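target00.csv follows (CSV, C-alpha atoms):
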```csv
chain,number,residue,atom,x,y,z
A,30,MET,CA,25.0,-16.4,-5.6
A,31,ARG,CA,25.4,-12.9,-7.0
A,32,LEU,CA,23.2,-9.8,-6.6
A,33,SER,CA,20.9,-9.5,-9.6
A,34,GLN,CA,19.8,-5.9,-9.3
A,35,ASP,CA,17.9,-6.0,-12.5
A,36,PRO,CA,14.6,-4.2,-12.2
A,37,ALA,CA,13.8,-5.4,-15.8
A,38,PHE,CA,13.2,-8.8,-14.2
A,39,TRP,CA,9.8,-7.6,-12.9
A,40,VAL,CA,8.5,-6.0,-16.0
A,41,GLY,CA,5.3,-7.9,-16.9
A,42,ARG,CA,6.0,-10.5,-14.2
A,43,ARG,CA,2.8,-12.1,-12.7
A,44,VAL,CA,3.1,-11.7,-8.9
A,45,LEU,CA,0.7,-12.8,-6.2
A,46,VAL,CA,0.9,-11.0,-2.9
A,47,THR,CA,-1.1,-12.3,0.1
A,48,GLY,CA,-1.8,-9.7,2.7
A,49,HIS,CA,-1.5,-6.8,0.2
A,50,THR,CA,-3.9,-4.7,2.1
A,51,GLY,CA,-1.6,-4.5,5.1
A,52,PHE,CA,1.1,-2.0,5.8
A,53,LYS,CA,4.1,-4.0,4.5
A,54,GLY,CA,2.0,-5.5,1.7
A,55,SER,CA,1.0,-2.1,0.5
A,56,TRP,CA,4.6,-0.8,0.3
A,57,LEU,CA,5.6,-4.1,-1.5
A,58,VAL,CA,2.8,-3.8,-4.1
A,59,LEU,CA,3.6,-0.2,-4.9
A,60,TRP,CA,7.3,-1.1,-5.4
A,61,LEU,CA,6.3,-4.0,-7.7
A,62,LEU,CA,4.0,-1.8,-9.7
A,63,GLN,CA,6.7,0.8,-10.0
A,64,MET,CA,8.9,-1.8,-11.6
A,65,GLY,CA,6.1,-2.9,-14.0
A,66,ALA,CA,4.9,-6.1,-12.4
A,67,ARG,CA,1.3,-7.4,-12.8
A,68,VAL,CA,0.0,-7.9,-9.3
A,69,THR,CA,-2.8,-9.9,-7.9
A,70,GLY,CA,-3.5,-9.5,-4.2
A,71,LEU,CA,-5.4,-11.7,-1.8
A,72,ALA,CA,-6.2,-10.3,1.7
A,73,LEU,CA,-8.9,-9.4,4.1
A,74,ALA,CA,-10.6,-6.0,3.5
A,75,ALA,CA,-8.3,-3.1,4.4
A,76,GLU,CA,-8.8,-1.2,7.6
A,77,ASP,CA,-10.7,2.1,7.1
A,78,VAL,CA,-7.5,4.0,7.9
A,79,SER,CA,-4.7,2.3,6.1
A,80,LEU,CA,-2.0,2.9,3.5
A,81,PHE,CA,-3.9,0.6,1.1
A,82,ARG,CA,-6.9,3.0,1.2
A,83,GLN,CA,-4.9,6.2,1.4
A,84,ALA,CA,-2.9,5.3,-1.7
A,85,ARG,CA,-5.9,3.8,-3.6
A,86,ILE,CA,-4.1,0.6,-4.3
A,87,ALA,CA,-7.2,-1.3,-5.2
A,88,GLU,CA,-7.3,0.7,-8.4
A,89,LEU,CA,-3.9,-0.6,-9.5
A,90,VAL,CA,-4.1,-4.4,-8.9
A,91,ASP,CA,-6.3,-7.4,-9.3
A,92,HIS,CA,-7.7,-7.0,-5.8
A,93,VAL,CA,-9.3,-10.0,-4.2
A,94,GLU,CA,-10.8,-9.9,-0.7
A,95,GLY,CA,-10.6,-13.3,0.9
A,96,ASP,CA,-9.4,-15.2,3.9
A,97,ILE,CA,-6.3,-17.5,3.7
A,98,ARG,CA,-8.0,-19.7,6.3
A,99,ASP,CA,-10.3,-20.8,3.5
A,100,LEU,CA,-8.3,-23.3,1.3
A,101,ALA,CA,-10.8,-23.2,-1.6
A,102,THR,CA,-10.4,-19.4,-1.8
A,103,VAL,CA,-6.7,-19.6,-1.8
A,104,ARG,CA,-6.6,-22.3,-4.5
A,105,ALA,CA,-9.0,-20.3,-6.7
A,106,VAL,CA,-6.9,-17.1,-6.4
A,107,VAL,CA,-3.7,-19.0,-7.2
A,108,GLU,CA,-5.3,-20.5,-10.3
A,109,ARG,CA,-6.7,-17.2,-11.4
A,110,ALA,CA,-3.4,-15.3,-11.0
A,111,ASP,CA,-1.2,-18.1,-12.5
A,112,PRO,CA,1.7,-16.4,-10.6
A,113,GLU,CA,5.4,-16.7,-11.4
A,114,VAL,CA,6.3,-15.3,-8.0
A,115,VAL,CA,4.4,-15.5,-4.7
A,116,PHE,CA,5.0,-13.3,-1.7
A,117,HIS,CA,3.1,-14.6,1.3
A,118,LEU,CA,2.6,-11.8,3.8
A,119,ALA,CA,-0.9,-12.4,5.1
A,120,ALA,CA,-0.9,-12.8,8.8
A,121,GLN,CA,-2.2,-11.7,12.2
A,122,PRO,CA,0.8,-9.5,12.9
A,123,LEU,CA,0.5,-8.2,16.5
A,124,VAL,CA,1.9,-9.8,19.6
A,125,ARG,CA,-0.5,-8.2,22.1
A,126,LEU,CA,-3.6,-9.1,19.9
A,127,SER,CA,-2.4,-12.7,19.8
A,128,TYR,CA,-3.0,-12.9,23.6
A,129,GLU,CA,-6.6,-11.8,23.0
A,130,ALA,CA,-7.2,-14.0,19.9
A,131,PRO,CA,-4.8,-17.0,20.0
A,132,VAL,CA,-7.1,-19.3,18.0
A,133,GLU,CA,-7.4,-16.7,15.2
A,134,THR,CA,-3.6,-16.1,15.3
A,135,PHE,CA,-2.7,-19.8,15.0
A,136,ALA,CA,-5.4,-20.4,12.3
A,137,THR,CA,-4.1,-17.5,10.2
A,138,ASN,CA,-0.4,-17.7,10.7
A,139,VAL,CA,-0.1,-21.5,10.8
A,140,GLN,CA,-2.9,-23.1,8.8
A,141,GLY,CA,-3.1,-20.1,6.5
A,142,THR,CA,0.6,-20.7,5.5
A,143,VAL,CA,-0.3,-24.4,4.9
A,144,HIS,CA,-3.1,-23.3,2.5
A,145,VAL,CA,-0.9,-20.9,0.6
A,146,LEU,CA,1.9,-23.4,0.1
A,147,ASP,CA,-0.4,-26.2,-0.8
A,148,ALA,CA,-2.1,-24.1,-3.4
A,149,CYS,CA,1.3,-23.2,-4.8
A,150,ARG,CA,1.9,-26.9,-5.5
A,151,SER,CA,-0.5,-26.7,-8.4
A,152,ALA,CA,0.7,-23.4,-9.9
A,153,PRO,CA,2.1,-24.3,-13.4
A,154,SER,CA,4.1,-21.1,-14.0
A,155,LEU,CA,5.4,-20.6,-10.4
A,156,ARG,CA,9.2,-20.2,-10.0
A,157,ALA,CA,9.6,-18.6,-6.6
A,158,VAL,CA,7.8,-18.4,-3.3
A,159,VAL,CA,8.9,-16.0,-0.6
A,160,CYS,CA,7.2,-16.5,2.8
A,161,ILE,CA,7.5,-13.6,5.2
A,162,THR,CA,7.6,-14.7,8.9
A,163,SER,CA,9.2,-12.7,11.7
A,164,ASP,CA,12.3,-12.1,13.8
A,165,LYS,CA,10.1,-13.3,16.6
A,166,ALA,CA,10.0,-16.8,15.2
A,167,TYR,CA,13.3,-17.5,17.0
A,168,GLU,CA,13.3,-19.0,20.5
A,169,ASN,CA,14.2,-15.8,22.3
A,170,ARG,CA,16.6,-16.3,25.1
A,171,GLU,CA,16.8,-12.6,26.0
A,172,TRP,CA,20.5,-12.5,25.4
A,173,VAL,CA,22.6,-9.8,23.7
A,174,TRP,CA,23.8,-11.9,20.8
A,175,PRO,CA,21.9,-11.6,17.5
A,176,TYR,CA,20.0,-14.6,16.2
A,177,ARG,CA,21.3,-16.5,13.2
A,178,GLU,CA,19.3,-18.5,10.6
A,179,THR,CA,20.5,-21.8,12.2
A,180,ASP,CA,19.1,-20.9,15.7
A,181,ALA,CA,16.0,-22.7,17.0
A,182,MET,CA,12.5,-21.6,16.3
A,183,GLY,CA,10.2,-21.0,19.2
A,184,GLY,CA,8.0,-18.4,20.8
A,185,HIS,CA,6.7,-17.4,24.3
A,186,ASP,CA,3.5,-15.7,23.1
A,187,PRO,CA,1.0,-17.0,20.6
A,188,TYR,CA,2.2,-14.7,17.8
A,189,SER,CA,5.8,-15.7,18.1
A,190,ALA,CA,5.0,-19.4,18.5
A,191,SER,CA,2.8,-19.2,15.4
A,192,LYS,CA,5.6,-17.7,13.4
A,193,GLY,CA,8.0,-20.3,14.6
A,194,ALA,CA,5.5,-23.0,13.6
A,195,ALA,CA,5.1,-21.4,10.2
A,196,GLU,CA,8.9,-21.7,9.7
A,197,LEU,CA,8.7,-25.4,10.4
A,198,ILE,CA,5.8,-25.8,8.0
A,199,ILE,CA,7.7,-23.9,5.3
A,200,ALA,CA,10.8,-26.1,5.7
A,201,ALA,CA,8.6,-29.2,5.6
A,202,TYR,CA,6.9,-28.2,2.4
A,203,ARG,CA,10.2,-27.2,0.8
A,204,ARG,CA,11.7,-30.6,1.5
A,205,SER,CA,8.6,-32.6,0.8
A,206,PHE,CA,7.0,-30.9,-2.3
A,207,PHE,CA,9.4,-28.3,-3.7
A,208,SER,CA,12.7,-30.1,-3.9
A,209,ALA,CA,12.5,-31.9,-7.2
A,210,PRO,CA,14.4,-30.6,-10.2
A,211,GLY,CA,12.4,-27.8,-11.9
A,212,ALA,CA,10.1,-27.3,-8.9
A,213,PRO,CA,9.5,-23.7,-7.6
A,214,LEU,CA,12.0,-22.7,-5.0
A,215,VAL,CA,10.7,-21.6,-1.5
A,216,ALA,CA,12.4,-19.3,1.0
A,217,SER,CA,11.4,-17.8,4.3
A,218,VAL,CA,12.5,-14.3,5.3
A,219,ARG,CA,12.7,-12.8,8.8
A,220,ALA,CA,12.9,-9.0,9.2
A,221,GLY,CA,13.3,-6.8,12.2
A,222,ASN,CA,10.6,-4.4,13.4
A,223,VAL,CA,9.7,-2.7,10.2
A,224,ILE,CA,8.6,0.9,10.3
A,225,GLY,CA,7.4,3.4,7.8
A,226,GLY,CA,4.8,5.9,6.7
A,227,GLY,CA,1.3,4.7,6.6
A,228,ASP,CA,1.5,2.2,9.4
A,229,TRP,CA,-1.7,2.7,11.5
A,230,ALA,CA,-1.7,-0.5,13.5
A,231,GLN,CA,-2.8,-0.4,17.1
A,232,ASP,CA,-0.3,-1.2,19.9
A,233,ARG,CA,2.8,-0.5,17.7
A,234,LEU,CA,5.3,2.1,18.7
A,235,ILE,CA,5.6,4.2,15.6
A,236,PRO,CA,1.9,4.4,14.9
A,237,ASP,CA,1.1,5.2,18.5
A,238,ILE,CA,3.7,8.0,18.5
A,239,ILE,CA,2.4,9.4,15.2
A,240,ARG,CA,-1.2,9.4,16.3
A,241,ALA,CA,-0.3,11.3,19.5
A,242,LEU,CA,1.8,13.8,17.6
A,243,ILE,CA,-0.9,14.5,15.0
A,244,ALA,CA,-3.4,15.1,17.9
A,245,GLY,CA,-0.9,17.5,19.6
A,246,GLN,CA,-0.5,15.1,22.5
A,247,ARG,CA,2.5,13.7,24.3
A,248,PRO,CA,3.1,10.1,23.2
A,249,LEU,CA,2.7,7.4,25.9
A,250,ILE,CA,5.6,5.0,25.8
A,251,ARG,CA,4.9,1.6,27.3
A,252,ASN,CA,8.3,-0.2,27.4
A,253,PRO,CA,11.0,2.5,27.0
A,254,ALA,CA,14.0,0.1,27.6
A,255,ALA,CA,12.9,-2.6,25.2
A,256,ILE,CA,15.4,-3.2,22.4
A,257,ARG,CA,14.3,-4.1,18.8
A,258,PRO,CA,16.0,-4.3,15.4
A,259,TRP,CA,14.3,-1.3,13.9
A,260,GLN,CA,14.4,-0.8,10.1
A,261,HIS,CA,12.5,1.0,7.4
A,262,VAL,CA,10.0,-1.2,5.6
A,263,LEU,CA,11.9,-0.7,2.3
A,264,GLU,CA,15.0,-2.2,3.8
A,265,ALA,CA,13.2,-5.5,4.4
A,266,LEU,CA,11.3,-5.4,1.1
A,267,GLY,CA,14.6,-4.9,-0.8
A,268,GLY,CA,15.8,-8.2,0.6
A,269,TYR,CA,12.5,-10.0,-0.2
A,270,LEU,CA,12.6,-8.8,-3.8
A,271,LEU,CA,16.3,-9.8,-4.1
A,272,ILE,CA,15.5,-13.3,-2.8
A,273,ALA,CA,12.7,-13.7,-5.2
A,274,GLU,CA,14.9,-12.8,-8.1
A,275,VAL,CA,17.6,-15.3,-7.0
A,276,LEU,CA,15.0,-18.0,-6.5
A,277,ALA,CA,13.5,-17.4,-9.9
A,278,ALA,CA,16.9,-17.7,-11.5
A,279,GLY,CA,17.1,-21.2,-10.1
A,280,GLU,CA,19.6,-20.7,-7.3
A,281,ALA,CA,18.7,-23.7,-5.1
A,282,GLY,CA,21.0,-22.5,-2.3
A,283,ALA,CA,18.6,-19.5,-1.8
A,284,ALA,CA,15.8,-21.8,-0.9
A,285,ASP,CA,16.3,-21.4,2.9
A,286,GLY,CA,15.7,-19.1,5.8
A,287,TRP,CA,17.1,-15.5,5.6
A,288,ASN,CA,17.5,-12.6,8.1
A,289,PHE,CA,17.1,-9.1,6.8
A,290,GLY,CA,17.7,-6.7,9.7
A,291,PRO,CA,19.4,-3.4,10.5
A,292,ALA,CA,23.0,-2.6,11.1
A,293,ASP,CA,24.1,-3.5,14.7
A,294,ASP,CA,24.3,0.2,15.7
A,295,ASP,CA,20.6,0.7,14.6
A,296,THR,CA,19.3,-1.8,17.2
A,297,GLN,CA,18.1,0.8,19.6
A,298,PRO,CA,15.8,1.0,22.7
A,299,VAL,CA,12.3,2.4,22.5
A,300,ASN,CA,13.2,5.6,24.3
A,301,TRP,CA,15.8,6.4,21.7
A,302,ILE,CA,13.1,6.1,19.0
A,303,ALA,CA,10.7,8.3,21.0
A,304,ASP,CA,13.3,11.0,21.6
A,305,ARG,CA,14.2,11.2,17.9
A,306,MET,CA,10.6,11.3,16.6
A,307,VAL,CA,9.4,13.8,19.1
A,308,GLY,CA,12.4,16.0,18.3
A,309,MET,CA,11.9,15.7,14.5
A,310,TRP,CA,8.2,16.6,14.9
A,311,GLY,CA,9.0,19.6,17.0
A,312,ALA,CA,7.0,18.3,20.0
A,313,ASP,CA,7.8,18.7,23.7
A,314,GLY,CA,8.5,15.2,24.9
A,315,TRP,CA,6.8,11.9,25.8
A,316,ASP,CA,5.5,10.2,28.9
A,317,CYS,CA,5.9,6.7,30.4
A,318,PRO,CA,2.7,6.1,32.3
A,319,ALA,CA,2.6,3.8,35.4
A,320,VAL,CA,0.4,1.0,34.1
A,321,PRO,CA,-0.1,-2.6,35.3
A,322,ALA,CA,2.3,-5.1,33.7
A,323,GLY,CA,1.0,-6.3,30.4
A,324,PRO,CA,1.5,-9.7,28.7
A,325,HIS,CA,5.0,-10.9,28.1
A,326,GLU,CA,6.9,-9.2,25.2
A,327,ALA,CA,10.6,-9.8,24.4
A,328,SER,CA,12.9,-7.1,25.8
A,329,ILE,CA,16.0,-7.8,23.7
A,330,LEU,CA,15.9,-9.0,20.1
A,331,LYS,CA,18.6,-8.7,17.4
A,332,LEU,CA,19.2,-10.3,14.0
A,333,ASP,CA,22.5,-11.5,12.5
A,334,CYS,CA,22.4,-10.7,8.8
A,335,ALA,CA,25.9,-12.0,7.9
A,336,LYS,CA,24.4,-14.7,5.6
A,337,ALA,CA,22.6,-12.1,3.5
A,338,ARG,CA,25.7,-9.9,3.3
A,339,ALA,CA,28.0,-12.8,2.4
A,340,PHE,CA,25.8,-14.7,-0.1
A,341,LEU,CA,23.6,-12.0,-1.6
A,342,GLY,CA,25.6,-8.8,-1.1
A,343,TRP,CA,22.6,-7.3,0.7
A,344,ARG,CA,23.0,-4.7,3.4
A,345,PRO,CA,20.8,-1.9,4.8
A,346,VAL,CA,21.3,1.5,3.2
A,347,TRP,CA,19.1,3.7,5.3
A,348,GLY,CA,20.2,4.2,8.9
A,349,LEU,CA,17.6,4.5,11.6
A,350,ASP,CA,17.8,8.3,11.6
A,351,ALA,CA,17.1,8.4,7.9
A,352,ALA,CA,14.2,5.9,8.4
A,353,LEU,CA,12.6,8.1,11.1
A,354,THR,CA,13.2,11.2,9.0
A,355,HIS,CA,11.3,9.7,6.1
A,356,ILE,CA,8.5,8.5,8.4
A,357,VAL,CA,8.0,12.0,9.9
A,358,ALA,CA,8.1,13.5,6.4
A,359,TRP,CA,5.5,11.1,5.1
A,360,HIS,CA,3.1,11.8,7.9
A,361,LYS,CA,3.6,15.5,7.8
A,362,THR,CA,2.9,15.5,4.1
A,363,ILE,CA,-0.3,13.6,4.5
A,364,ALA,CA,-1.4,15.7,7.5
A,365,ALA,CA,-0.9,18.8,5.2
A,366,GLY,CA,-3.2,17.3,2.5
A,367,GLY,CA,-0.6,15.5,0.4
A,368,ASP,CA,-1.3,12.5,-1.8
A,369,ALA,CA,-0.3,9.2,-0.1
A,370,ARG,CA,0.4,7.4,-3.3
A,371,ALA,CA,2.6,10.1,-4.6
A,372,VAL,CA,4.7,10.5,-1.5
A,373,THR,CA,5.0,6.7,-1.1
A,374,TYR,CA,6.2,6.3,-4.7
A,375,SER,CA,8.6,9.2,-4.2
A,376,GLN,CA,10.2,7.5,-1.2
A,377,ILE,CA,10.4,4.2,-3.0
A,378,THR,CA,12.2,5.9,-5.9
A,379,GLU,CA,14.6,7.6,-3.5
A,380,TYR,CA,15.3,4.4,-1.7
A,381,ARG,CA,15.7,2.3,-4.9
A,382,THR,CA,18.3,4.8,-6.3
A,383,LEU,CA,20.4,4.7,-3.2
A,384,PHE,CA,19.9,0.9,-2.9
A,385,HIS,CA,21.3,0.2,-6.4
A,386,ARG,CA,24.2,2.6,-6.0
A,387,PHE,CA,25.1,1.2,-2.6
A,388,GLN,CA,24.8,-2.4,-3.6
A,389,THR,CA,27.0,-2.0,-6.7
A,390,GLY,CA,29.7,-0.3,-4.7
A,391,ARG,CA,29.2,3.2,-6.0
A,392,SER,CA,28.1,4.7,-2.7
A,393,ARG,CA,28.4,4.1,1.0
```
Hey, can you dump this file as structure tokens for me?
Amino acid sequence: MRLSQDPAFWVGRRVLVTGHTGFKGSWLVLWLLQMGARVTGLALAAEDVSLFRQARIAELVDHVEGDIRDLATVRAVVERADPEVVFHLAAQPLVRLSYEAPVETFATNVQGTVHVLDACRSAPSLRAVVCITSDKAYENREWVWPYRETDAMGGHDPYSASKGAAELIIAAYRRSFFSAPGAPLVASVRAGNVIGGGDWAQDRLIPDIIRALIAGQRPLIRNPAAIRPWQHVLEALGGYLLIAEVLAAGEAGAADGWNFGPADDDTQPVNWIADRMVGMWGADGWDCPAVPAGPHEASILKLDCAKARAFLGWRPVWGLDAALTHIVAWHKTIAAGGDARAVTYSQITEYRTLFHRFQTGRSR
């Protein structure tokens, strides 16, 4: 397999994105639109404070509000969109919320994935399906070694278990219904902890820090020693788009699971992130409150991305400092009255330029 890097592939391409009102989905839609794709989105209504609303994305796409737990709705939207490429992002994405709402988490992340894949079986123009799961789909042994695509799926908490189950479902559908010659090719992708401007989710590190800084308060850091594979959302999306191109070109070897994570030296503890963001904002520090132990969350999690490097030529191009710099710049721009769509497009353009130069060997 070779790196395509042909933005012309997306011009006029019919693309369905589930979960397009979410943080990651909003960045993906804007990137697709910038390349000239025709996007249909299926998702629950956006949160009142969200990148989707701030960037007025509903004006730019065929926006359908619906629940992937409803099979009839999913089938109707797939028929209406007649997609050539599907990105399945719709999910309940929060570990701590999964403890409060396990039934909703499993219904959305497991049965919802079944509904999307089953609807895709009847899409006549479909060539590629990219299902976004999570780095937390792996059975986490709390060890220092990064997880590879061949490692076992699992999950301690409902969220992680639901993503591990989704991976098994994707593999079963791929083997059972998408393996015949000429059938659409299906891949699953697992990214690290994606971060970026416009993420307003509750109980997530970067949004919690940003909310405190905007309010002039010291951020409260819950688990300062926890280690995660932090990466800007555009790093992960670049991998997703690349996989979609390769699948659509008929590369059957790409119909598999893929990791897209940061460089090894960008897998940092929470306190490192907090120090950098507070310093970039010009604030005076953060606090670690003494609170009762919360529900279990993984303390160490790393991804091995050797497969993506070897077979796709993919690798991250923004280091963690660059990612945090762009996040702070995004939020400072918005706080000063800037336009969310404009600043997001600007950062996508900047990243795409570096991505193409880097991947073709012209820059390091």
Between A:Arg381, A:Arg240, A:Arg233, A:His355, single out the one closest to A:Met309, counting all atoms listed in the file.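 Between A:Arg381, A:Arg240, A:Arg233, A:His355, the residue approaching A:Met309 most closely is A:His355.
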Within 7 Å of A:Leu71, counting only C-alpha atoms, which residues show up once you throw out same-chain ones fewer than 4 positions away? Write them as an MDAnalysis selection string, please. chainID A and resid 46:49 92:95
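Proximity ranking of A:Thr69, A:Gln376, A:Thr382, A:Asn138 relative to A:Trp56 places A:Gln376 first, based on all atoms listed in the file.
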I want to know what sits within 7 Å of A:Ala369, based on only C-alpha atoms, with residues of the same chain fewer than 6 positions away left out; could you give that as a list in words?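 Selected residues are Gln83, Ala84 and Ile363 of chain A.
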Leaving out A:Arg150 and any residue of its chain fewer than 3 positions from it, which residues lie within 10 Å of it when counting all atoms listed in the file, given as a PyMOL selection string? chain A and resi 104+107+145-147+153+155+202+206-207+212-213
